Structures are given as C-alpha cells and as structure tokens.
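Dumped protein_38.txt below, it's compact mmCIF, C-alpha atoms:
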# COMPACT_ATOMS: atom_id res chain seq x y z
CA MET A 1 -2.58 8.81 -13.22
CA ALA A 2 -3.23 10.53 -16.52
CA TYR A 3 -5.20 7.95 -18.47
CA TYR A 4 -8.70 6.58 -18.04
CA ARG A 5 -9.55 3.09 -16.79
CA GLN A 6 -12.74 1.29 -15.85
CA VAL A 7 -12.98 -1.70 -13.51
CA GLY A 8 -16.18 -3.52 -12.56
CA ALA A 9 -19.74 -2.26 -12.92
CA VAL A 10 -20.43 1.45 -13.45
CA PRO A 11 -23.56 3.17 -14.81
CA PRO A 12 -23.62 4.46 -18.40
CA LYS A 13 -23.79 8.08 -17.16
CA ARG A 14 -21.97 9.53 -14.15
CA HIS A 15 -23.97 10.86 -11.18
CA THR A 16 -27.00 8.77 -12.15
CA GLN A 17 -28.73 5.81 -10.53
CA HIS A 18 -26.66 2.63 -10.26
CA ARG A 19 -28.79 -0.14 -8.79
CA THR A 20 -28.00 -3.43 -7.12
CA PRO A 21 -29.47 -6.69 -8.48
CA GLU A 22 -32.09 -6.42 -5.72
CA GLY A 23 -33.08 -2.90 -6.82
CA GLY A 24 -31.29 -0.84 -4.16
CA LEU A 25 -28.81 1.93 -4.91
CA TYR A 26 -25.05 1.78 -4.90
CA TYR A 27 -23.42 4.84 -3.31
CA GLU A 28 -21.28 6.95 -5.63
CA GLU A 29 -18.10 8.52 -4.21
CA LEU A 30 -15.89 11.01 -6.06
CA MET A 31 -12.23 10.64 -5.08
CA GLY A 32 -10.51 13.67 -6.59
CA GLU A 33 -7.50 15.93 -6.29
CA GLU A 34 -7.05 19.69 -5.99
CA GLY A 35 -10.62 20.62 -5.15
CA PHE A 36 -12.42 19.03 -8.14
CA SER A 37 -9.84 20.58 -10.51
CA SER A 38 -7.53 17.63 -11.24
CA ASP A 39 -7.56 13.84 -11.70
CA SER A 40 -10.40 11.91 -10.10
CA SER A 41 -12.26 8.61 -10.08
CA LEU A 42 -15.84 7.64 -9.27
CA LEU A 43 -16.28 4.64 -6.95
CA TYR A 44 -19.56 2.77 -6.43
CA HIS A 45 -19.98 1.36 -2.92
CA ARG A 46 -22.38 -1.20 -1.52
CA ASN A 47 -22.48 0.81 1.73
CA ILE A 48 -22.33 4.49 2.71
CA PRO A 49 -18.57 5.26 2.60
CA SER A 50 -18.70 8.04 5.21
CA ALA A 51 -20.39 5.98 7.94
CA LEU A 52 -18.30 5.72 11.16
CA VAL A 53 -18.98 4.09 14.52
CA ASP A 54 -15.79 5.10 16.38
CA SER A 55 -12.74 7.36 16.20
CA SER A 56 -9.75 7.13 18.56
CA VAL A 57 -6.09 8.09 18.65
CA TRP A 58 -3.56 5.95 16.78
CA GLN A 59 -0.17 6.44 18.41
CA LEU A 60 2.30 6.89 15.56
CA PRO A 61 5.97 5.86 15.80
CA ASP A 62 8.65 8.50 16.26
CA LEU A 63 8.50 10.84 13.26
CA THR A 64 10.61 13.65 14.70
CA THR A 65 13.76 14.72 12.84
CA GLU A 66 17.07 16.39 13.68
CA ALA A 67 18.96 18.77 11.41
CA ASN A 68 22.03 17.56 9.49
CA HIS A 69 24.25 19.90 11.50
CA PRO A 70 27.17 20.26 11.41
CA LEU A 71 26.72 19.67 7.70
CA LYS A 72 28.27 16.51 6.27
CA PRO A 73 27.58 13.70 3.78
CA ARG A 74 26.29 10.54 5.38
CA HIS A 75 26.11 6.79 4.75
CA LEU A 76 23.16 4.93 6.29
CA LYS A 77 23.05 1.11 6.40
CA LEU A 78 19.34 0.36 6.30
CA HIS A 79 19.62 -3.42 6.56
CA GLU A 80 21.01 -2.95 10.09
CA LEU A 81 17.66 -1.51 11.21
CA PHE A 82 15.99 -4.95 11.14
CA PRO A 83 18.43 -7.60 12.45
CA GLY A 84 17.80 -11.33 12.51
CA GLU A 85 14.19 -12.37 12.13
CA GLU A 86 12.66 -9.19 13.51
CA TRP A 87 10.94 -8.75 10.14
CA LYS A 88 8.60 -11.67 10.88
CA SER A 89 6.64 -9.60 13.39
CA ARG A 90 6.59 -6.35 11.39
CA ASP A 91 4.27 -5.07 8.67
CA VAL A 92 4.89 -2.60 5.83
CA VAL A 93 2.79 0.17 7.46
CA THR A 94 3.36 0.20 11.22
CA GLY A 95 6.85 -1.32 10.98
CA ARG A 96 8.42 1.56 9.04
CA ARG A 97 11.33 3.47 10.57
CA LEU A 98 11.81 7.08 9.50
CA VAL A 99 15.20 7.61 7.88
CA LEU A 100 15.08 11.13 6.42
CA GLY A 101 12.45 13.83 6.10
CA ASN A 102 11.48 17.46 5.68
CA GLY A 103 8.28 19.44 5.19
CA ASP A 104 7.73 17.95 1.71
CA VAL A 105 8.67 14.27 1.90
CA ARG A 106 9.50 11.49 4.38
CA ILE A 107 11.66 8.48 3.53
CA SER A 108 11.24 5.32 5.61
CA TYR A 109 12.46 1.74 5.43
CA VAL A 110 10.97 -1.55 6.59
CA ALA A 111 11.62 -5.28 6.46
CA ALA A 112 8.30 -7.04 7.01
CA GLY A 113 6.53 -10.38 6.85
CA GLU A 114 3.15 -9.70 8.50
CA ALA A 115 0.00 -8.44 6.79
CA SER A 116 -0.59 -4.79 7.66
CA PRO A 117 -3.73 -3.27 9.15
CA LEU A 118 -6.04 -1.40 6.81
CA TYR A 119 -4.41 1.99 6.31
CA ARG A 120 -4.97 5.32 4.62
CA ASN A 121 -2.43 8.14 4.20
CA SER A 122 -4.42 11.38 4.07
CA ILE A 123 -1.36 13.63 3.92
CA GLY A 124 -0.08 12.77 0.44
CA ASP A 125 0.68 10.07 -2.10
CA GLU A 126 3.03 7.20 -1.30
CA CYS A 127 5.64 5.72 -3.63
CA VAL A 128 6.93 2.46 -2.15
CA TYR A 129 9.90 0.82 -3.87
CA ILE A 130 10.15 -2.95 -3.37
CA GLU A 131 13.81 -3.77 -2.80
CA SER A 132 13.03 -7.49 -2.49
CA GLY A 133 10.10 -9.82 -1.99
CA GLU A 134 6.58 -10.10 -3.36
CA GLY A 135 2.95 -10.10 -2.36
CA VAL A 136 -0.20 -8.07 -2.94
CA VAL A 137 -1.59 -4.72 -1.89
CA GLU A 138 -5.33 -4.98 -1.31
CA THR A 139 -7.00 -1.64 -2.04
CA VAL A 140 -10.46 -0.14 -2.29
CA PHE A 141 -9.84 -0.14 -6.08
CA GLY A 142 -8.88 -3.83 -6.22
CA VAL A 143 -5.75 -5.94 -5.78
CA LEU A 144 -2.25 -4.89 -6.88
CA PRO A 145 0.31 -7.72 -7.08
CA PHE A 146 3.86 -6.49 -6.43
CA ARG A 147 7.33 -7.95 -6.90
CA GLN A 148 10.97 -7.00 -6.58
CA GLY A 149 11.76 -3.78 -8.43
CA ASP A 150 8.19 -2.44 -8.37
CA TYR A 151 7.29 1.10 -7.52
CA VAL A 152 3.86 0.93 -5.86
CA ILE A 153 2.06 4.28 -6.27
CA LEU A 154 -0.78 4.81 -3.79
CA PRO A 155 -2.79 8.03 -4.21
CA ARG A 156 -3.61 10.08 -1.12
CA ALA A 157 -6.50 8.66 0.92
CA THR A 158 -6.50 5.22 -0.77
CA THR A 159 -7.58 2.64 1.81
CA HIS A 160 -5.29 -0.37 1.49
CA ARG A 161 -3.33 -3.09 3.25
CA TRP A 162 -0.08 -4.88 2.46
CA VAL A 163 -0.04 -8.69 2.35
CA PRO A 164 3.53 -9.94 1.82
CA ASP A 165 4.43 -13.47 0.78
CA GLY A 166 7.46 -13.95 3.02
CA LEU A 167 10.10 -11.29 3.65
CA VAL A 168 9.54 -7.95 1.91
CA ARG A 169 12.05 -5.08 2.06
CA ALA A 170 10.39 -1.78 1.17
CA TYR A 171 11.64 1.79 0.76
CA ALA A 172 8.72 4.14 1.38
CA ILE A 173 8.65 7.68 -0.04
CA GLU A 174 5.72 9.56 1.53
CA ALA A 175 4.86 12.93 0.01
CA ASN A 176 2.96 15.90 1.36
CA SER A 177 1.69 16.26 -2.22
CA HIS A 178 0.88 14.10 -5.21
CA ILE A 179 3.45 11.92 -7.02
CA THR A 180 3.21 11.92 -10.82
CA PRO A 181 5.27 11.32 -13.96
CA PRO A 182 7.42 14.36 -14.82
CA LYS A 183 5.48 17.01 -16.71
CA ARG A 184 8.01 17.05 -19.54
CA TYR A 185 7.15 13.40 -20.30
CA LEU A 186 3.48 14.26 -20.85
CA SER A 187 1.48 15.83 -23.66
CA LYS A 188 -0.72 18.79 -22.79
CA TYR A 189 -3.56 16.27 -22.48
CA GLY A 190 -1.65 13.86 -20.25
CA GLN A 191 -0.37 11.12 -22.61
CA LEU A 192 3.16 9.86 -22.05
CA LEU A 193 5.24 11.09 -25.00
CA GLU A 194 7.64 9.24 -27.27
CA HIS A 195 10.74 10.57 -25.51
CA ALA A 196 9.53 9.36 -22.10
CA PRO A 197 11.51 6.37 -20.71
CA TYR A 198 8.27 4.45 -20.07
CA CYS A 199 4.68 4.44 -21.33
CA GLU A 200 1.17 3.52 -20.23
CA ARG A 201 1.71 -0.16 -21.12
CA ASP A 202 4.26 -0.31 -18.30
CA LEU A 203 1.78 0.85 -15.63
CA HIS A 204 -0.33 -1.84 -13.99
CA GLY A 205 -3.49 -1.04 -12.03
CA PRO A 206 -6.17 -3.26 -10.47
CA THR A 207 -8.13 -5.35 -12.97
CA GLU A 208 -11.23 -6.34 -10.99
CA PRO A 209 -13.08 -5.25 -7.85
CA LEU A 210 -12.13 -6.54 -4.41
CA LEU A 211 -15.18 -7.18 -2.23
CA ALA A 212 -14.89 -8.10 1.45
CA ASP A 213 -17.43 -8.59 4.22
CA GLY A 214 -17.11 -7.63 7.85
CA THR A 215 -18.47 -5.35 10.53
CA ASP A 216 -16.78 -2.88 12.88
CA VAL A 217 -13.64 -2.77 10.71
CA GLU A 218 -10.64 -0.68 11.83
CA VAL A 219 -8.71 1.60 9.46
CA LEU A 220 -5.57 3.48 10.53
CA VAL A 221 -5.43 7.02 9.11
CA LYS A 222 -2.32 9.21 8.98
CA HIS A 223 -3.30 12.85 8.67
CA ARG A 224 -2.31 16.47 9.20
CA GLY A 225 -2.94 18.42 12.38
CA GLY A 226 -0.76 16.75 14.98
CA THR A 227 1.01 18.66 17.73
CA GLY A 228 4.63 17.52 17.73
CA ASN A 229 5.82 14.47 15.80
CA GLY A 230 6.37 16.58 12.70
CA GLY A 231 2.81 17.92 12.73
CA ILE A 232 1.52 14.46 11.78
CA ALA A 233 -1.26 12.68 13.65
CA GLY A 234 -2.85 9.24 13.60
CA THR A 235 -6.50 8.26 14.02
CA ARG A 236 -8.13 4.85 14.25
CA PHE A 237 -11.51 4.85 12.49
CA VAL A 238 -14.02 2.05 12.91
CA TYR A 239 -16.42 1.50 10.01
CA PRO A 240 -19.72 -0.38 10.41
CA GLN A 241 -19.03 -2.36 7.21
CA HIS A 242 -15.82 -3.31 5.44
CA PRO A 243 -14.52 -0.46 3.23
CA PHE A 244 -13.63 -2.93 0.48
CA ASP A 245 -17.16 -2.77 -0.93
CA VAL A 246 -16.61 -1.09 -4.33
CA VAL A 247 -18.39 -2.97 -7.11
CA GLY A 248 -16.91 -0.76 -9.84
CA TRP A 249 -15.00 2.44 -10.50
CA ASP A 250 -13.73 4.52 -13.38
CA GLY A 251 -11.51 7.54 -13.87
CA CYS A 252 -7.90 8.66 -13.94
CA LEU A 253 -6.98 8.35 -10.26
CA TYR A 254 -6.03 4.91 -8.93
CA PRO A 255 -3.10 2.95 -7.50
CA TYR A 256 -0.66 1.28 -9.87
CA THR A 257 2.73 -0.40 -10.09
CA PHE A 258 5.67 0.31 -12.37
CA ASN A 259 8.69 -1.99 -12.42
CA VAL A 260 12.15 -0.47 -12.63
CA ALA A 261 13.11 -3.11 -15.25
CA ASP A 262 10.68 -1.37 -17.64
CA PHE A 263 12.52 1.95 -17.42
CA GLU A 264 14.39 2.55 -20.70
CA PRO A 265 17.61 4.43 -19.88
CA ILE A 266 18.61 7.50 -21.88
CA THR A 267 22.31 7.45 -22.72
CA GLY A 268 24.74 9.65 -24.67
CA ARG A 269 28.29 10.03 -25.97
CA VAL A 270 29.26 11.87 -22.79
CA HIS A 271 27.93 11.63 -19.23
CA GLN A 272 24.22 12.48 -18.97
CA PRO A 273 22.92 14.58 -16.06
CA PRO A 274 20.53 13.15 -13.43
CA PRO A 275 17.29 14.50 -14.99
CA VAL A 276 17.53 11.82 -17.73
CA HIS A 277 17.05 9.24 -14.95
CA GLN A 278 13.88 10.83 -13.53
CA VAL A 279 10.86 8.59 -13.09
CA PHE A 280 8.43 10.57 -10.84
CA GLU A 281 8.07 13.96 -9.17
CA GLY A 282 6.29 15.54 -6.21
CA ALA A 283 6.15 19.05 -4.78
CA ASN A 284 9.75 20.12 -4.10
CA PHE A 285 11.31 16.72 -4.83
CA VAL A 286 12.00 14.32 -7.69
CA ILE A 287 12.51 10.55 -7.88
CA CYS A 288 15.09 9.11 -10.29
CA ASN A 289 16.47 5.62 -10.90
CA PHE A 290 19.85 4.47 -12.17
CA VAL A 291 19.45 1.17 -14.02
CA PRO A 292 21.81 -1.23 -15.83
CA ARG A 293 22.77 0.49 -19.08
CA LYS A 294 25.31 1.13 -21.80
CA VAL A 295 27.39 4.11 -20.73
CA ASP A 296 29.11 7.03 -22.45
CA TYR A 297 30.65 6.17 -25.81
CA HIS A 298 32.69 9.22 -26.72
CA PRO A 299 36.30 7.97 -27.20
CA LEU A 300 37.52 10.25 -24.39
CA SER A 301 34.51 9.92 -22.08
CA ILE A 302 34.68 9.37 -18.32
CA PRO A 303 31.57 7.30 -17.56
CA VAL A 304 31.22 7.93 -13.81
CA PRO A 305 29.66 11.23 -12.70
CA TYR A 306 31.73 14.37 -12.61
CA TYR A 307 32.11 16.08 -9.22
CA HIS A 308 29.16 18.34 -8.60
CA SER A 309 27.75 20.71 -6.02
CA ASN A 310 24.10 20.37 -5.05
CA VAL A 311 23.38 24.08 -5.13
CA ASP A 312 19.61 23.78 -4.73
CA SER A 313 19.02 20.27 -3.42
CA ASP A 314 19.91 17.40 -1.12
CA GLU A 315 20.61 14.11 -2.94
CA VAL A 316 19.60 10.75 -1.45
CA MET A 317 20.74 7.58 -3.22
CA PHE A 318 19.35 4.17 -2.20
CA TYR A 319 21.56 1.36 -3.52
CA CYS A 320 19.35 -1.64 -4.25
CA GLY A 321 21.15 -3.81 -6.81
CA GLY A 322 24.24 -4.37 -8.92
CA ASP A 323 27.56 -2.66 -8.26
CA TYR A 324 27.50 1.13 -8.18
CA GLU A 325 30.71 2.23 -9.89
CA ALA A 326 31.10 5.69 -8.36
CA ARG A 327 30.87 4.50 -4.74
CA LYS A 328 33.42 1.66 -4.74
CA GLY A 329 35.79 1.93 -1.81
CA SER A 330 33.33 3.75 0.45
CA GLY A 331 31.71 0.77 2.20
CA ILE A 332 28.40 1.28 0.42
CA GLY A 333 26.52 -1.87 -0.55
CA GLN A 334 23.08 -3.36 -0.96
CA GLY A 335 20.59 -1.53 1.25
CA SER A 336 22.81 1.53 1.76
CA ILE A 337 21.77 5.16 1.51
CA SER A 338 24.11 8.03 0.74
CA LEU A 339 23.01 11.54 1.69
CA HIS A 340 24.89 14.32 -0.12
CA PRO A 341 23.50 17.63 1.14
CA GLY A 342 23.37 20.99 -0.52
CA GLY A 343 26.53 22.91 0.28
CA HIS A 344 28.77 19.84 -0.18
CA SER A 345 30.58 19.09 -3.45
CA HIS A 346 30.51 15.36 -4.07
CA GLY A 347 31.29 12.79 -6.72
CA PRO A 348 33.07 9.47 -7.28
CA GLN A 349 35.21 7.86 -4.61
CA PRO A 350 39.02 8.04 -5.11
CA GLY A 351 40.10 5.80 -7.99
CA ALA A 352 36.60 5.41 -9.50
CA TYR A 353 37.12 8.31 -11.91
CA GLU A 354 40.16 6.65 -13.48
CA ARG A 355 38.82 3.06 -13.31
CA SER A 356 35.72 3.96 -15.31
CA ILE A 357 37.65 4.99 -18.46
CA GLY A 358 36.94 2.45 -21.19
CA VAL A 359 34.02 0.83 -19.34
CA GLU A 360 31.07 0.26 -21.68
CA PHE A 361 28.32 -0.98 -19.33
CA PHE A 362 27.27 -0.27 -15.73
CA ASP A 363 25.43 -3.04 -13.87
CA GLU A 364 23.92 -0.90 -11.13
CA LEU A 365 20.54 -0.20 -9.62
CA ALA A 366 19.74 2.74 -7.37
CA VAL A 367 16.74 4.92 -6.50
CA MET A 368 17.50 8.60 -6.02
CA VAL A 369 15.42 11.29 -4.31
CA ASP A 370 16.47 14.92 -4.75
CA THR A 371 14.78 17.42 -2.45
CA PHE A 372 14.72 21.19 -2.73
CA ARG A 373 14.57 21.75 1.01
CA PRO A 374 17.17 20.34 3.42
CA LEU A 375 16.62 16.83 4.70
CA GLU A 376 16.79 16.03 8.39
CA LEU A 377 17.59 12.71 10.07
CA GLY A 378 14.84 10.52 11.51
CA GLU A 379 15.40 8.00 14.28
CA GLY A 380 16.06 5.25 11.74
CA GLY A 381 18.65 7.35 9.93
CA ARG A 382 20.47 8.15 13.15
CA ALA A 383 20.49 4.47 14.16
CA ALA A 384 21.89 3.26 10.83
CA GLU A 385 24.75 5.73 10.27
CA ASP A 386 28.28 4.74 9.26
CA PRO A 387 30.26 7.50 11.01
CA GLY A 388 33.35 7.24 8.79
CA TYR A 389 31.75 7.92 5.40
CA ALA A 390 32.22 11.69 5.30
CA TRP A 391 36.01 11.29 5.34
CA THR A 392 36.35 8.59 2.63
CA TRP A 393 37.30 11.05 -0.15
CA ALA A 394 40.23 12.36 1.91
CA GLY A 395 41.22 9.02 3.42
CA ARG A 396 41.39 10.37 6.95
CA GLY A 397 39.09 11.57 9.71
CA PRO A 398 38.56 14.95 11.36
CA GLN A 399 41.52 16.82 12.75
Kindly transcribe the structure held in the file into structure tokens.
Amino acid sequence: MAYYRQVGAVPPKRHTQHRTPEGGLYYEELMGEEGFSSDSSLLYHRNIPSALVDSSVWQLPDLTTEANHPLKPRHLKLHELFPGEEWKSRDVVTGRRLVLGNGDVRISYVAAGEASPLYRNSIGDECVYIESGEGVVETVFGVLPFRQGDYVILPRATTHRWVPDGLVRAYAIEANSHITPPKRYLSKYGQLLEHAPYCERDLHGPTEPLLADGTDVEVLVKHRGGTGNGGIAGTRFVYPQHPFDVVGWDGCLYPYTFNVADFEPITGRVHQPPPVHQVFEGANFVICNFVPRKVDYHPLSIPVPYYHSNVDSDEVMFYCGGDYEARKGSGIGQGSISLHPGGHSHGPQPGAYERSIGVEFFDELAVMVDTFRPLELGEGGRAAEDPGYAWTWAGRGPQ
C-alpha cells in the first residue's frame, strides 16, 4: 500500500541494532517488491525468519483449466459448489475451487467454517472478497478482522491463516502480480487523490503485533515452478519456531481490508463506463465494483448498460447483493457469475433496457474482474455451469 504505517516496537533508525529486553537482538527482515525498487516493510522477528527444519510436497487441488471453446457467454452458480453443510469441514485456503483462470489471475470460490492452515502465496497478491460471514485473518503483521463486504488484500508472501466465525463465503482473486489502487487515483508520490472513490481512512491494517509460540510449525506455500497444474506447485515448510514472532514493523507494504460500503460511486447524467467503478488493478486485469447508487439523470437516459463488445478483455461479474437490473430474466442471482468473453457482444437481458427508463436508483452489488487475456474454465467453473444462459438473449437454444 502507498502510505506508511508503524505497528509495535521498531528501532529509531533502520538497519541498526534492535534489542530484546534481555539484551539479545531481534532479527530484521525486509519484505519488499520489485527487487528493492518498490514498496516494502521492515519486520523485526524474535527468531531467525529463514530457519527451516523440513520441506515436503503439498499436493494442491486441481488447478488445470480448459479453454472457453467454442466461444460463448456463461453463467456459473457458485453456491452449488458447496451443498448442504459441506462448508463445515472446509477452510478458506485448501477448500477453494478454481472457477476461472489464465496466466495472470485465478478466480476461486469457497464456503468455509474451519480455521485454515498457515499459508503463504508466493506467486502474487491475493484479493479475497467476503460475500458473507466474518472472522479474522491472523498474519505475520498482526490480526485483520473481516466482515461481509470486505476486500482482504494480502501481499505476496504474507504468512497468514483464516479463522472464520461460522460460515464464510469468499471469492478469491489470486494474481501473478501485485494488486494496487488504480494509478490514476494516486498522486505521483502515492497519495489517494480527491477524485478517487475511496481514501486512506477507508483502508484498515493491523494495529498491534500478533505473537505466538510453538515449535515445528507447518506453513503451506504456493509457488511457481510446478510441472502441470498450471505451472503452480505447493510446498510444506516446517519452521523450528512459530512464524508469528514479529514484535514490530513499519513501512508501506502490509495486508489491509477495504469494505465495499466505503466505495463512493461516481455517477453522471448519462450512463458511465465501467472504469468509474474500478477499485483495484493487477497486471493485465482490473477489479471493479457496482454498488447501490443514484443512476443516470438526463431526462432521456437509459440507466442500464448499453450493449457492448469486449474487444480487448473478458468480463467476469460476481453478483453478491441486491438486484442487478441488467440481468433480470436470465436466472442470475446471489452467488452467480457471468462470463462475457472477448468476441461476444453483450448487454442487458431482453426487457431490461426498456424497464430501466425512469429508474432513479439501482440497489445492486457486484464485483467485476476484467482480464486482458482470455479466461479458461477451472474444475469449479465447469461444475457450476448453467448450460442455458448463452441463449437467453434470443429466447431459444442452438439450432
């Protein structure tokens, strides 16, 4: 993140002695991005952070994908992936099912009630949207409480675990890059500008250190270098002491939450294009959200989106609240995904265009991911598909 924070005990000068009450040294670790050339934080450990006593294979779930071919729009019903009380035995990390993915980003879904193992994604940042539920994420930086509507941003290589309080439904966006606010929202020095739809006050990071004891502690690591399974591998590290041993840290890189209710929508007299809804970005993809808002107020406006062709991108919409005006009549509801691929012209369902005239407010909530390389279907996406969606604009199936 772009602004500085300090939590716990740090020395007055970086890269200098920081001693324990007994006179020993704390161990300084730089966690930084882009080869010492971007955001970083300094963490002060009670133990040597690189000490390992074992390394073994962690067998990842199925992360292979299949091309969207022949090309068509798709409707995926994610709630069907976790029927009944299956969620009680799943956790937010190992219980994820891959829905969509490409070489830049993977989108998974999970319904979970168990605490996760300690986990670290060493491929890229994670942005996990909380569809419902609450709990905490314990991290090496401290504790992050989360609730419904939160985006939980976890920088690459952050050791953490999810501890839900009951059922949590989570939509996980895993990047092969970093996930940041859009550059156009930021000053040249990194401050969120006045035209941005949120500001630093809306971002909530850990407030105090989290210290834990333990020996021979396992951490699951997802990393690059696998053969098959999308080139992704898993390793199980065992540390001699618990990695939650940071007495203090400071810098501009840390996990944080941002709640979708704090996003201030940008509206206009006529329909505004999707970039006004953007909240984050990664390499070759963007994340937007559509929130309850006053809609177009030109006397001749048509508030639902115009029909549009995704010339350069695939569009993924996750419907997570309210009543999405443009999709009425298509079977889409809470927990649905629509995939509208590049090469397909899409827009409102039949009748929605006309029904929206004169409407002044949309009560809808959706998270959108636009990718600039084609998305493929994971095993979860294939299992959750509604096969009739592609034909809903025409009102009939293939000939």
>> Which residues are near range 65-75 of chain A? Cut-off 7 Å, all atoms listed in the file, ignore same chain within fewer than 5 positions. Put them as number ranges by chain.
In response: A: 101, 336-341, 376-378, 385-386, 389-390
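Separating CA of Tyr44 in chain A from CA of Leu203 in chain A is a distance of 23.3 Å.
Across A:Trp58, A:Phe318, A:Phe280, A:Trp87, the tightest approach to Lys222 in chain A is made by A:Trp58 when counting only C-alpha atoms.
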>> So that I can check the surroundings of range 139-145 of chain A, please list as JSON, numbers by chain every protein, DNA and RNA residue that reaches within 8 Å of it, counting all atoms listed in the file and ignoring chain neighbours fewer than 5 positions away.
In response: {"A": [134, 158, 159, 160, 161, 204, 205, 206, 207, 208, 209, 210, 243, 244, 245, 246, 249, 254, 255, 256, 257]}
> Counting only C-alpha atoms, which of A:Leu81, A:Val92, A:Leu186, A:Val99 gets nearest to Ala112 in chain A?
Replying inline: A:Val92
> CA of Arg46 in chain A and CA of Tyr26 in chain A are how many Å apart?
Replying inline: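 Computing it gives 5.2 Å between the two atoms.
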> Which one is closest to Gln6 in chain A: A:Leu253, A:Val359, A:Ala196, A:Val152? Count only C-alpha atoms.
Replying inline: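 Ranked by minimum distance to Gln6 in chain A, first place goes to A:Leu253.
All protein and nucleic acid residues in the vicinity of (7.7, 17.7, -5.2), that is within 10 Å when counting all atoms listed in the file, are Asp104, Val105, Ala175, Asn176, Ser177, His178, Ile179, Thr180, Phe280, Glu281, Gly282, Ala283, Asn284, Phe285, Val286, Ile287, Asp370, Thr371 and Phe372 of chain A.
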>> I'd like to know which of A:Tyr297, A:Tyr119, A:Tyr319, A:Phe361 is closest to His223 in chain A, using only C-alpha atoms.
In response: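 Comparing A:Tyr297, A:Tyr119, A:Tyr319, A:Phe361 against His223 in chain A, the winner is A:Tyr119.
For the atom pair formed by CA of Leu192 in chain A and CA of Asn259 in chain A, the distance is 16.2 Å, given to one decimal.
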>> Counting only C-alpha atoms, which residue out of A:Leu98, A:Lys188, A:Gly133, A:Val279 sits closest to Ile153 in chain A?
In response: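 Among A:Leu98, A:Lys188, A:Gly133, A:Val279, it is A:Val279 that comes nearest to Ile153 in chain A.
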>> Could you list, as a list in words, every residue within 12 Å of Gln191 in chain A, counting all atoms listed in the file and ignoring same-chain residues fewer than 2 positions away?
In response: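 Listing them by chain and then by number gives Met1, Ala2, Tyr3, Tyr4, Pro181, Pro182, Lys183, Arg184, Tyr185, Leu186, Ser187, Lys188, Tyr189, Leu193, Glu194, His195, Ala196, Tyr198, Cys199, Glu200, Arg201 and Cys252 of chain A.
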With 3 Å added on each side, what axis-aligned box encloses every listed atom of range 261-268 of chain A? Give the centre and edge lengths in Å to one decimal, as lines of an AutoDock Vina configuration file.
center_x = 17.7
center_y = 3.3
center_z = -20.0
size_x = 20.1
size_y = 18.8
size_z = 15.4
> Smallest atom-to-atom distance to Val128 in chain A: which of A:Gln148, A:Thr392, A:Ser313, A:Ser116, using all atoms listed in the file?
Replying inline: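 Distance minimum relative to Val128 in chain A lands on A:Gln148.
Around the point (7.2, 22.2, 7.6), within 12 Å and counting only C-alpha atoms, we find these residues: Thr64, Thr65, Gly101, Asn102, Gly103, Asp104, Val105, Arg106, Asn176, Arg224, Gly225, Gly228, Asn229, Gly230, Gly231, Ile232, Arg373, Pro374, Leu375 and Glu376 of chain A.
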> Which neighbours of Tyr27 in chain A fall inside 10 Å, counting all atoms listed in the file, when residues of the same chain fewer than 4 positions from it are skipped, and could you give them as a ChimeraX atom specification?
Replying inline: /A:15,17-19,43-49,246
>> List as a list in words the protein and nucleic acid residues near range 307-312 of chain A, meaning an atom at most 7 Å away when all atoms listed in the file are counted, but skip any in the same chain fewer than 4 places from it.
In response: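 Listing them by chain and then by number gives Pro341, Gly342, Gly343, His344, Ser345, His346, Gly347, Pro348 and Phe372 of chain A.
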